[in-house]
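Undergrad: This is the structure, below, for whatever I ask next.
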Amino acid sequence: MKSTRTRGEETEPRSIALAASDDQPDTRLAEEREHRYLEEQLRGALERGELSLYYQPQFEVRTVRLAGSEALLRWNHPVRGMISPAQFIPIAEESGLIVPIGTWVLQEACRQNYLWQQAGYDPIRVAVNISAQQFAQVDFSSTVAKALAASGLDARYLELEMTEMVLMRDIRIFGPRLANLKTLGVQLSMDDFGSGALSLPELVRLPVDSLKIDVPFVRGLNETPGTLRLVNAIVALGHSLGMNLIAEGVETEEQLEQLRQLGCDKAQGYLFSAAVSANDSEDYQRLTAGPPEQEEPR
Ligand code: C2E
Ligand code: MG
Ligand code: MG
């Protein structure tokens with residue numbers, strides 16, 4: 001379950017987090033040591049080939065056909081085994097390592113997606129998570145352009161996911177950067193929609209193609225009174241702005257059926273598949289890919 005925010009802008013300062021987590025000096029020291037150990041290990045993880053991308057399929061809700069895939073970073077540490085992104089991405093962000101790692105993620109996702117197309121699979125769009133620090137780099141658009149050019153992937157098959165907090169930071173500075181990205185031809189989506197400090201006037205001005213409905217809303221559909229109406233309103237809002245709606249964390253048939261009735265466009269979650277290795281993801285591409293439905297250009 002994704003309970004920890006992992007894109008820096010939403011995490012509390014480390015000193016506060018540590019103070020709140022435990023008053024015991026021994027525990028604090030152990031946590032500090034663990035943090036330093038992971039940071040040091042993360043520094044060489046890319047070169048040692050310990051990082052990889054897993055892919056979680058996304059499906060069209062109406063037809064249950066494969067619509068795309070979200071690339072999710074995995075760290076297989078030689079001693080610790082699989083370390084969760086919730087644990088290491090905040091460390092990568094704090095140390096600035098997220099910038100080179102994030103560039104590698106972009107390159108690798110583009111490379112892999114192009115390879116799939118070359119191997120004859122129906123083209124799908126791969127979504128890549130972008131952290132605040134990456135987006136803040138002045139040359140971010142050119143990093144994206146280079147990743148596309150180096151791989152040969154057409155920009156329409158790349159989607160960049162950013163949270164509300166990243167997208168709404170300072171529209172005066174970042175608005176032109178988003179416009180540059182749109183000029184490249186990539187798709188933009190707002191991740192974890194509904195969990196940040198949303199400003200509706202800014203949402204209207206953002207050149208975003210999709211809204212991703214955050215896991216708690218999907219979970220709340222049949223658990224929390226009022227959530228159904230809330231999700232209904234989010235879908236209507238997104239559609240009125242010409243955006244696609246993607247539900248995250250779909251775990252049951254009942255949730256899928258409710259999302260279908262609400263007119264949600266796409267869904268991902270354990271009901272279909274967890275994120276799997278590039279090799280394993282070929283299995284569902286073989287089985288379920290189909291021509292993408294027409295999407296309104298924005
Ligand atoms: P996210 O982008 O919102 O990704 C969705 C998370 O929900 C993933 O967790 C996914 O495995 C998990 N999930 C998928 N299906 C279900 C479900 O049915 N139920 C529930 N409860 N959860 C589901 P994961 O892979 O642990 O990643 C956590 C977060 O780490 C991501 O959240 C994203 O914010 C961050 N992250 C992962 N890869 C990258 C990356 O390459 N770069 C950056 N900057 N952040 C990344
Ligand atoms: Mg995401
Ligand atoms: Mg999300």
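Each chain in the structure tokens gets a letter, A, B and so on, in the order shown; residues start at 1 in every chain, and ligands are counted from 1 in the order they appear.
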May I have the residues within 6 Å of ligand 1, computed using only C-alpha atoms and all ligand atoms, as a PyMOL selection string?

TA: chain A and resi 1-2+6-7+72-73+84-86+102+105+129-131+192+249-251+269-270+274-275

Undergrad: What does the list of residues within 9 Å of ligand 2 look like if you count only C-alpha atoms and all ligand atoms, written as a PyMOL selection string?

TA: chain A and resi 70-72+127-130+160-163+189-192+212+248

Undergrad: Using N, CA and C atoms, can you write the selected residues to a file as a PDB file, in the first residue's frame?

TA:
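Now in again_16.pdb:
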ATOM      1  N   GLU A  70       2.542   2.088 -16.418  1.00  0.00           N
ATOM      2  CA  GLU A  70       3.288   3.054 -15.605  1.00  0.00           C
ATOM      3  C   GLU A  70       4.610   2.421 -15.190  1.00  0.00           C
ATOM      4  N   ALA A  71       5.710   3.127 -15.474  1.00  0.00           N
ATOM      5  CA  ALA A  71       7.034   2.631 -15.081  1.00  0.00           C
ATOM      6  C   ALA A  71       7.269   2.965 -13.615  1.00  0.00           C
ATOM      7  N   LEU A  72       7.601   1.958 -12.818  1.00  0.00           N
ATOM      8  CA  LEU A  72       7.840   2.170 -11.383  1.00  0.00           C
ATOM      9  C   LEU A  72       9.221   1.620 -11.016  1.00  0.00           C
ATOM     10  N   ALA A 127       4.064   5.663 -18.891  1.00  0.00           N
ATOM     11  CA  ALA A 127       4.071   6.841 -18.010  1.00  0.00           C
ATOM     12  C   ALA A 127       5.259   6.763 -17.059  1.00  0.00           C
ATOM     13  N   VAL A 128       5.929   7.903 -16.892  1.00  0.00           N
ATOM     14  CA  VAL A 128       7.108   7.982 -16.031  1.00  0.00           C
ATOM     15  C   VAL A 128       6.839   9.020 -14.937  1.00  0.00           C
ATOM     16  N   ASN A 129       7.162   8.680 -13.690  1.00  0.00           N
ATOM     17  CA  ASN A 129       6.969   9.616 -12.580  1.00  0.00           C
ATOM     18  C   ASN A 129       8.109  10.631 -12.551  1.00  0.00           C
ATOM     19  N   ILE A 130       7.742  11.887 -12.439  1.00  0.00           N
ATOM     20  CA  ILE A 130       8.744  12.962 -12.435  1.00  0.00           C
ATOM     21  C   ILE A 130       8.687  13.672 -11.084  1.00  0.00           C
ATOM     22  N   LEU A 160       4.300  11.946 -18.888  1.00  0.00           N
ATOM     23  CA  LEU A 160       5.018  12.358 -17.684  1.00  0.00           C
ATOM     24  C   LEU A 160       4.010  12.586 -16.578  1.00  0.00           C
ATOM     25  N   GLU A 161       4.220  11.909 -15.439  1.00  0.00           N
ATOM     26  CA  GLU A 161       3.300  12.061 -14.297  1.00  0.00           C
ATOM     27  C   GLU A 161       3.918  12.980 -13.266  1.00  0.00           C
ATOM     28  N   MET A 162       3.182  14.000 -12.892  1.00  0.00           N
ATOM     29  CA  MET A 162       3.646  14.896 -11.838  1.00  0.00           C
ATOM     30  C   MET A 162       2.501  15.134 -10.862  1.00  0.00           C
ATOM     31  N   THR A 163       2.852  15.353  -9.605  1.00  0.00           N
ATOM     32  CA  THR A 163       1.786  15.573  -8.623  1.00  0.00           C
ATOM     33  C   THR A 163       1.298  17.022  -8.699  1.00  0.00           C
ATOM     34  N   SER A 189       0.321  14.075 -17.144  1.00  0.00           N
ATOM     35  CA  SER A 189      -0.785  13.718 -16.256  1.00  0.00           C
ATOM     36  C   SER A 189      -0.506  14.175 -14.835  1.00  0.00           C
ATOM     37  N   MET A 190      -1.586  14.442 -14.122  1.00  0.00           N
ATOM     38  CA  MET A 190      -1.465  14.865 -12.740  1.00  0.00           C
ATOM     39  C   MET A 190      -1.687  13.649 -11.854  1.00  0.00           C
ATOM     40  N   ASP A 191      -0.615  13.280 -11.130  1.00  0.00           N
ATOM     41  CA  ASP A 191      -0.658  12.068 -10.298  1.00  0.00           C
ATOM     42  C   ASP A 191      -1.307  12.383  -8.950  1.00  0.00           C
ATOM     43  N   ASP A 192      -1.885  11.379  -8.335  1.00  0.00           N
ATOM     44  CA  ASP A 192      -2.445  11.493  -6.984  1.00  0.00           C
ATOM     45  C   ASP A 192      -3.403  12.682  -6.879  1.00  0.00           C
ATOM     46  N   LYS A 212      -5.034  11.572 -12.553  1.00  0.00           N
ATOM     47  CA  LYS A 212      -5.023  10.242 -11.938  1.00  0.00           C
ATOM     48  C   LYS A 212      -5.691  10.330 -10.576  1.00  0.00           C
ATOM     49  N   GLU A 248      -6.401   4.993  -9.922  1.00  0.00           N
ATOM     50  CA  GLU A 248      -5.265   4.209  -9.399  1.00  0.00           C
ATOM     51  C   GLU A 248      -5.753   3.292  -8.277  1.00  0.00           C
TER      52      GLU A 248
END

Undergrad: Find the residue from A:Ala236, A:Val218, A:Val208, A:Met243 that sits nearest to Leu262 of chain A; use only C-alpha atoms when measuring.

TA: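 Among A:Ala236, A:Val218, A:Val208, A:Met243, it is A:Ala236 that comes nearest to Leu262 of chain A.
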
Undergrad: What is the distance, in Å and to one decimal place, between atom CA of Ser277 of chain A and atom CA of Ile89 of chain A?

TA: 19.0 Å

Undergrad: Which distance in Å separates atom CA of Pro123 of chain A and atom CA of Ala67 of chain A, to one decimal?

TA: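 Interatomic distance here is 9.2 Å.
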
Undergrad: What is the distance between atom CA of Ser52 of chain A and atom CA of Asn76 of chain A, in Å to one decimal?

TA: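 Distance reported for this atom pair: 7.9 Å.
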
Undergrad: From the set A:Thr224, A:Asn232, A:Ser69, A:Asn180, which residue has the shortest atom-to-atom contact distance to Val276 of chain A, counting only C-alpha atoms?

TA: A:Ser69

Undergrad: Would you mind listing what lies within 10 Å of Gln261 of chain A as a list in words, with only C-alpha atoms counted and same-chain residues fewer than 5 positions away left out?

TA: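 In the requested format, the answer is Val61, Arg62, Asn232, Gln255 and Leu256 of chain A.
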
Undergrad: Would you export the selected residues with C-alpha atoms as a CSV table (one decimal), in the first residue's frame, please?

TA:
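Here's the written file out.csv:
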chain,number,residue,atom,x,y,z
A,61,VAL,CA,-12.4,0.8,-18.3
A,62,ARG,CA,-15.0,0.4,-21.0
A,232,ASN,CA,-18.3,11.5,-9.9
A,255,GLN,CA,-14.7,-0.7,-7.8
A,256,LEU,CA,-14.2,-1.3,-11.5

Undergrad: With only C-alpha atoms and all ligand atoms as the basis for distance, which of A:Ile213, A:Val231, A:Leu259, A:Val126 is at the shortest distance from ligand 3?

TA: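 Between A:Ile213, A:Val231, A:Leu259, A:Val126, the residue approaching ligand 3 most closely is A:Ile213.
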
Undergrad: Neighbouring residues of Gly120 of chain A were defined as those with any atom within 12 Å, considering only C-alpha atoms; residues of the same chain fewer than 6 positions away were excluded. Please report them as number ranges by chain.

TA: A: 113-114, 282, 285-286, 289

Undergrad: Out of A:Pro201, A:Gly220, A:Pro25, A:Pro100, which residue has the shortest atom-to-atom distance to Glu254 of chain A when counting only C-alpha atoms?

TA: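 That would be A:Gly220, the residue with the smallest distance to Glu254 of chain A.
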
Undergrad: Which residues, written as a ChimeraX atom specification, have at least one atom at most 12 Å from segment 141-148 of chain A, with only C-alpha atoms counted and residues fewer than 4 positions away on the same chain left out?

TA: /A:99-100,102-114,128,130,134-137,152-160,174,176-187

Undergrad: Could you write those residues out with N, CA and C atoms, as a tab-separated table (two decimals), in the first residue's frame?

TA:
chain	number	residue	atom	x	y	z
A	99	VAL	N	17.86	13.30	-9.48
A	99	VAL	CA	18.04	13.90	-10.81
A	99	VAL	C	18.72	12.92	-11.78
A	100	PRO	N	19.95	12.41	-11.44
A	100	PRO	CA	20.52	11.42	-12.37
A	100	PRO	C	19.69	10.13	-12.46
A	102	GLY	N	16.44	9.85	-12.06
A	102	GLY	CA	15.24	10.16	-12.84
A	102	GLY	C	15.54	10.25	-14.33
A	103	THR	N	16.72	10.76	-14.67
A	103	THR	CA	17.11	10.83	-16.09
A	103	THR	C	17.26	9.42	-16.64
A	104	TRP	N	17.87	8.54	-15.83
A	104	TRP	CA	18.01	7.15	-16.26
A	104	TRP	C	16.63	6.50	-16.45
A	105	VAL	N	15.70	6.79	-15.53
A	105	VAL	CA	14.35	6.22	-15.63
A	105	VAL	C	13.71	6.64	-16.96
A	106	LEU	N	13.84	7.91	-17.28
A	106	LEU	CA	13.27	8.41	-18.55
A	106	LEU	C	13.88	7.68	-19.74
A	107	GLN	N	15.22	7.58	-19.73
A	107	GLN	CA	15.92	6.93	-20.86
A	107	GLN	C	15.51	5.48	-20.98
A	108	GLU	N	15.46	4.80	-19.84
A	108	GLU	CA	15.18	3.37	-19.83
A	108	GLU	C	13.73	3.09	-20.26
A	109	ALA	N	12.79	3.91	-19.77
A	109	ALA	CA	11.38	3.71	-20.14
A	109	ALA	C	11.19	3.94	-21.65
A	110	CYS	N	11.86	4.97	-22.19
A	110	CYS	CA	11.75	5.24	-23.63
A	110	CYS	C	12.38	4.10	-24.43
A	111	ARG	N	13.55	3.66	-23.97
A	111	ARG	CA	14.26	2.59	-24.66
A	111	ARG	C	13.40	1.32	-24.70
A	112	GLN	N	12.87	0.95	-23.53
A	112	GLN	CA	12.08	-0.27	-23.43
A	112	GLN	C	10.81	-0.20	-24.28
A	113	ASN	N	10.15	0.96	-24.24
A	113	ASN	CA	8.91	1.09	-25.00
A	113	ASN	C	9.19	0.98	-26.50
A	114	TYR	N	10.29	1.59	-26.94
A	114	TYR	CA	10.64	1.51	-28.36
A	114	TYR	C	10.96	0.05	-28.74
A	128	VAL	N	5.93	7.90	-16.89
A	128	VAL	CA	7.11	7.98	-16.03
A	128	VAL	C	6.84	9.02	-14.94
A	130	ILE	N	7.74	11.89	-12.44
A	130	ILE	CA	8.74	12.96	-12.43
A	130	ILE	C	8.69	13.67	-11.08
A	134	GLN	N	13.50	17.17	-10.43
A	134	GLN	CA	13.78	16.97	-11.86
A	134	GLN	C	13.12	18.09	-12.67
A	135	PHE	N	11.85	18.33	-12.35
A	135	PHE	CA	11.10	19.33	-13.10
A	135	PHE	C	11.69	20.73	-12.90
A	136	ALA	N	12.33	20.95	-11.75
A	136	ALA	CA	12.91	22.26	-11.45
A	136	ALA	C	14.22	22.51	-12.22
A	137	GLN	N	14.80	21.48	-12.82
A	137	GLN	CA	16.04	21.68	-13.60
A	137	GLN	C	15.72	22.51	-14.85
A	152	GLY	N	14.58	6.71	-30.01
A	152	GLY	CA	13.82	6.60	-31.25
A	152	GLY	C	12.32	6.58	-31.01
A	153	LEU	N	11.90	6.70	-29.73
A	153	LEU	CA	10.46	6.63	-29.40
A	153	LEU	C	9.74	7.91	-29.82
A	154	ASP	N	8.56	7.74	-30.42
A	154	ASP	CA	7.74	8.89	-30.75
A	154	ASP	C	7.18	9.48	-29.45
A	155	ALA	N	7.22	10.83	-29.36
A	155	ALA	CA	6.84	11.50	-28.10
A	155	ALA	C	5.43	11.15	-27.63
A	156	ARG	N	4.53	10.80	-28.57
A	156	ARG	CA	3.16	10.54	-28.13
A	156	ARG	C	3.05	9.28	-27.27
A	157	TYR	N	4.12	8.46	-27.27
A	157	TYR	CA	4.08	7.24	-26.45
A	157	TYR	C	4.76	7.42	-25.10
A	158	LEU	N	5.04	8.67	-24.76
A	158	LEU	CA	5.60	8.96	-23.43
A	158	LEU	C	4.66	9.88	-22.68
A	159	GLU	N	4.40	9.51	-21.41
A	159	GLU	CA	3.56	10.35	-20.55
A	159	GLU	C	4.39	10.71	-19.32
A	160	LEU	N	4.30	11.95	-18.89
A	160	LEU	CA	5.02	12.36	-17.68
A	160	LEU	C	4.01	12.59	-16.58
A	174	PHE	N	6.89	27.83	-14.17
A	174	PHE	CA	6.82	26.49	-14.73
A	174	PHE	C	5.81	26.33	-15.86
A	176	PRO	N	5.62	28.00	-18.73
A	176	PRO	CA	6.32	27.89	-20.03
A	176	PRO	C	7.04	26.56	-20.19
A	177	ARG	N	7.54	26.02	-19.06
A	177	ARG	CA	8.23	24.72	-19.14
A	177	ARG	C	7.24	23.61	-19.53
A	178	LEU	N	6.04	23.68	-18.95
A	178	LEU	CA	5.01	22.70	-19.31
A	178	LEU	C	4.63	22.85	-20.78
A	179	ALA	N	4.55	24.11	-21.22
A	179	ALA	CA	4.20	24.36	-22.62
A	179	ALA	C	5.28	23.77	-23.54
A	180	ASN	N	6.57	23.91	-23.12
A	180	ASN	CA	7.67	23.31	-23.90
A	180	ASN	C	7.50	21.81	-24.03
A	181	LEU	N	7.15	21.19	-22.90
A	181	LEU	CA	6.98	19.73	-22.92
A	181	LEU	C	5.85	19.34	-23.86
A	182	LYS	N	4.77	20.12	-23.82
A	182	LYS	CA	3.65	19.82	-24.71
A	182	LYS	C	4.06	19.98	-26.18
A	183	THR	N	4.97	20.96	-26.42
A	183	THR	CA	5.45	21.17	-27.80
A	183	THR	C	6.20	19.94	-28.30
A	184	LEU	N	6.90	19.27	-27.36
A	184	LEU	CA	7.62	18.05	-27.75
A	184	LEU	C	6.65	16.97	-28.22
A	185	GLY	N	5.41	17.03	-27.68
A	185	GLY	CA	4.41	16.03	-28.07
A	185	GLY	C	4.15	14.98	-27.01
A	186	VAL	N	4.74	15.14	-25.81
A	186	VAL	CA	4.48	14.15	-24.75
A	186	VAL	C	3.13	14.43	-24.08
A	187	GLN	N	2.61	13.43	-23.38
A	187	GLN	CA	1.38	13.60	-22.62
A	187	GLN	C	1.75	13.96	-21.17

Undergrad: Would you list, as a ChimeraX atom specification, the residues of segment 220-288 of chain A that end up in alpha helix (DSSP H) under DSSP run on this structure's backbone?

TA: /A:220,227-240,253-262,278-288

Undergrad: Determine which residues of segment 82-204 of chain A receive a DSSP assignment of strand (DSSP E), computed from the backbone, and state them as a ChimeraX atom specification.

TA: /A:82-83,125-129,158-163,187-193

Undergrad: Let's have the selection written as a PDB file, in the first residue's frame, with N, CA and C atoms.

TA:
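Result went into out_0.pdb, see below:
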ATOM      1  N   MET A  82      14.770  -6.420  -2.142  1.00  0.00           N
ATOM      2  CA  MET A  82      13.951  -5.362  -2.748  1.00  0.00           C
ATOM      3  C   MET A  82      13.649  -4.269  -1.728  1.00  0.00           C
ATOM      4  N   ILE A  83      14.026  -3.047  -2.048  1.00  0.00           N
ATOM      5  CA  ILE A  83      13.726  -1.918  -1.153  1.00  0.00           C
ATOM      6  C   ILE A  83      12.623  -1.100  -1.812  1.00  0.00           C
ATOM      7  N   ARG A 125       1.445   3.594 -24.481  1.00  0.00           N
ATOM      8  CA  ARG A 125       2.112   4.737 -23.875  1.00  0.00           C
ATOM      9  C   ARG A 125       2.664   4.321 -22.519  1.00  0.00           C
ATOM     10  N   VAL A 126       3.910   4.722 -22.244  1.00  0.00           N
ATOM     11  CA  VAL A 126       4.480   4.424 -20.924  1.00  0.00           C
ATOM     12  C   VAL A 126       4.555   5.722 -20.127  1.00  0.00           C
ATOM     13  N   ALA A 127       4.064   5.663 -18.891  1.00  0.00           N
ATOM     14  CA  ALA A 127       4.071   6.841 -18.010  1.00  0.00           C
ATOM     15  C   ALA A 127       5.259   6.763 -17.059  1.00  0.00           C
ATOM     16  N   VAL A 128       5.929   7.903 -16.892  1.00  0.00           N
ATOM     17  CA  VAL A 128       7.108   7.982 -16.031  1.00  0.00           C
ATOM     18  C   VAL A 128       6.839   9.020 -14.937  1.00  0.00           C
ATOM     19  N   ASN A 129       7.162   8.680 -13.690  1.00  0.00           N
ATOM     20  CA  ASN A 129       6.969   9.616 -12.580  1.00  0.00           C
ATOM     21  C   ASN A 129       8.109  10.631 -12.551  1.00  0.00           C
ATOM     22  N   LEU A 158       5.040   8.673 -24.757  1.00  0.00           N
ATOM     23  CA  LEU A 158       5.604   8.961 -23.431  1.00  0.00           C
ATOM     24  C   LEU A 158       4.656   9.882 -22.676  1.00  0.00           C
ATOM     25  N   GLU A 159       4.405   9.511 -21.413  1.00  0.00           N
ATOM     26  CA  GLU A 159       3.563  10.345 -20.548  1.00  0.00           C
ATOM     27  C   GLU A 159       4.386  10.707 -19.323  1.00  0.00           C
ATOM     28  N   LEU A 160       4.300  11.946 -18.888  1.00  0.00           N
ATOM     29  CA  LEU A 160       5.018  12.358 -17.684  1.00  0.00           C
ATOM     30  C   LEU A 160       4.010  12.586 -16.578  1.00  0.00           C
ATOM     31  N   GLU A 161       4.220  11.909 -15.439  1.00  0.00           N
ATOM     32  CA  GLU A 161       3.300  12.061 -14.297  1.00  0.00           C
ATOM     33  C   GLU A 161       3.918  12.980 -13.266  1.00  0.00           C
ATOM     34  N   MET A 162       3.182  14.000 -12.892  1.00  0.00           N
ATOM     35  CA  MET A 162       3.646  14.896 -11.838  1.00  0.00           C
ATOM     36  C   MET A 162       2.501  15.134 -10.862  1.00  0.00           C
ATOM     37  N   THR A 163       2.852  15.353  -9.605  1.00  0.00           N
ATOM     38  CA  THR A 163       1.786  15.573  -8.623  1.00  0.00           C
ATOM     39  C   THR A 163       1.298  17.022  -8.699  1.00  0.00           C
ATOM     40  N   GLN A 187       2.610  13.432 -23.385  1.00  0.00           N
ATOM     41  CA  GLN A 187       1.378  13.599 -22.617  1.00  0.00           C
ATOM     42  C   GLN A 187       1.749  13.964 -21.175  1.00  0.00           C
ATOM     43  N   LEU A 188       0.909  14.769 -20.551  1.00  0.00           N
ATOM     44  CA  LEU A 188       1.164  15.130 -19.153  1.00  0.00           C
ATOM     45  C   LEU A 188      -0.001  14.663 -18.303  1.00  0.00           C
ATOM     46  N   SER A 189       0.321  14.075 -17.144  1.00  0.00           N
ATOM     47  CA  SER A 189      -0.785  13.718 -16.256  1.00  0.00           C
ATOM     48  C   SER A 189      -0.506  14.175 -14.835  1.00  0.00           C
ATOM     49  N   MET A 190      -1.586  14.442 -14.122  1.00  0.00           N
ATOM     50  CA  MET A 190      -1.465  14.865 -12.740  1.00  0.00           C
ATOM     51  C   MET A 190      -1.687  13.649 -11.854  1.00  0.00           C
ATOM     52  N   ASP A 191      -0.615  13.280 -11.130  1.00  0.00           N
ATOM     53  CA  ASP A 191      -0.658  12.068 -10.298  1.00  0.00           C
ATOM     54  C   ASP A 191      -1.307  12.383  -8.950  1.00  0.00           C
ATOM     55  N   ASP A 192      -1.885  11.379  -8.335  1.00  0.00           N
ATOM     56  CA  ASP A 192      -2.445  11.493  -6.984  1.00  0.00           C
ATOM     57  C   ASP A 192      -3.403  12.682  -6.879  1.00  0.00           C
ATOM     58  N   PHE A 193      -4.223  12.854  -7.914  1.00  0.00           N
ATOM     59  CA  PHE A 193      -5.105  14.018  -7.944  1.00  0.00           C
ATOM     60  C   PHE A 193      -6.091  13.982  -6.769  1.00  0.00           C
TER      61      PHE A 193
END

Undergrad: Excluding Ile171 of chain A and any residue of its chain fewer than 2 positions from it, enumerate the residues within 12 Å of it, using only C-alpha atoms, and give them as a CSV table (one decimal) with N, CA and C atoms, in the first residue's frame.

TA:
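selection_28.csv, written as the output of this step:
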chain,number,residue,atom,x,y,z
A,164,GLU,N,0.2,17.3,-8.1
A,164,GLU,CA,-0.4,18.6,-8.0
A,164,GLU,C,0.6,19.6,-7.5
A,165,MET,N,1.4,19.2,-6.5
A,165,MET,CA,2.3,20.1,-5.8
A,165,MET,C,3.4,20.5,-6.8
A,166,VAL,N,3.8,19.6,-7.6
A,166,VAL,CA,4.9,19.9,-8.6
A,166,VAL,C,4.3,20.9,-9.7
A,167,LEU,N,3.1,20.5,-10.2
A,167,LEU,CA,2.5,21.2,-11.3
A,167,LEU,C,2.1,22.6,-10.9
A,168,MET,N,1.7,22.8,-9.7
A,168,MET,CA,1.1,24.0,-9.3
A,168,MET,C,2.0,24.9,-8.5
A,169,ARG,N,3.3,24.6,-8.5
A,169,ARG,CA,4.2,25.3,-7.7
A,169,ARG,C,4.2,26.8,-8.0
A,173,ILE,N,6.7,30.5,-13.6
A,173,ILE,CA,7.9,30.0,-14.0
A,173,ILE,C,7.8,28.7,-14.7
A,174,PHE,N,6.9,27.8,-14.2
A,174,PHE,CA,6.8,26.5,-14.7
A,174,PHE,C,5.8,26.3,-15.9
A,175,GLY,N,4.9,27.3,-16.0
A,175,GLY,CA,3.9,27.3,-17.1
A,175,GLY,C,4.6,27.1,-18.4
A,176,PRO,N,5.6,28.0,-18.7
A,176,PRO,CA,6.3,27.9,-20.0
A,176,PRO,C,7.0,26.6,-20.2
A,177,ARG,N,7.5,26.0,-19.1
A,177,ARG,CA,8.2,24.7,-19.1
A,177,ARG,C,7.2,23.6,-19.5
A,178,LEU,N,6.0,23.7,-18.9
A,178,LEU,CA,5.0,22.7,-19.3
A,178,LEU,C,4.6,22.9,-20.8
A,179,ALA,N,4.5,24.1,-21.2
A,179,ALA,CA,4.2,24.4,-22.6
A,179,ALA,C,5.3,23.8,-23.5
A,199,SER,N,-5.8,24.2,-6.7
A,199,SER,CA,-6.4,25.4,-7.0
A,199,SER,C,-7.1,25.3,-8.3
A,201,PRO,N,-8.6,27.4,-10.4
A,201,PRO,CA,-8.3,28.3,-11.5
A,201,PRO,C,-6.9,27.9,-12.2
A,202,GLU,N,-6.0,27.4,-11.3
A,202,GLU,CA,-4.7,26.9,-11.9
A,202,GLU,C,-4.9,25.6,-12.7
A,203,LEU,N,-5.8,24.8,-12.2
A,203,LEU,CA,-6.0,23.5,-12.9
A,203,LEU,C,-6.5,23.8,-14.3
A,204,VAL,N,-7.4,24.8,-14.4
A,204,VAL,CA,-8.0,25.1,-15.7
A,204,VAL,C,-6.9,25.6,-16.7
A,205,ARG,N,-5.8,26.2,-16.2
A,205,ARG,CA,-4.8,26.8,-17.0
A,205,ARG,C,-3.7,25.8,-17.4
A,206,LEU,N,-3.6,24.7,-16.6
A,206,LEU,CA,-2.5,23.7,-16.9
A,206,LEU,C,-2.8,22.9,-18.1
A,207,PRO,N,-1.7,22.7,-18.9
A,207,PRO,CA,-1.9,21.9,-20.1
A,207,PRO,C,-1.8,20.4,-19.9
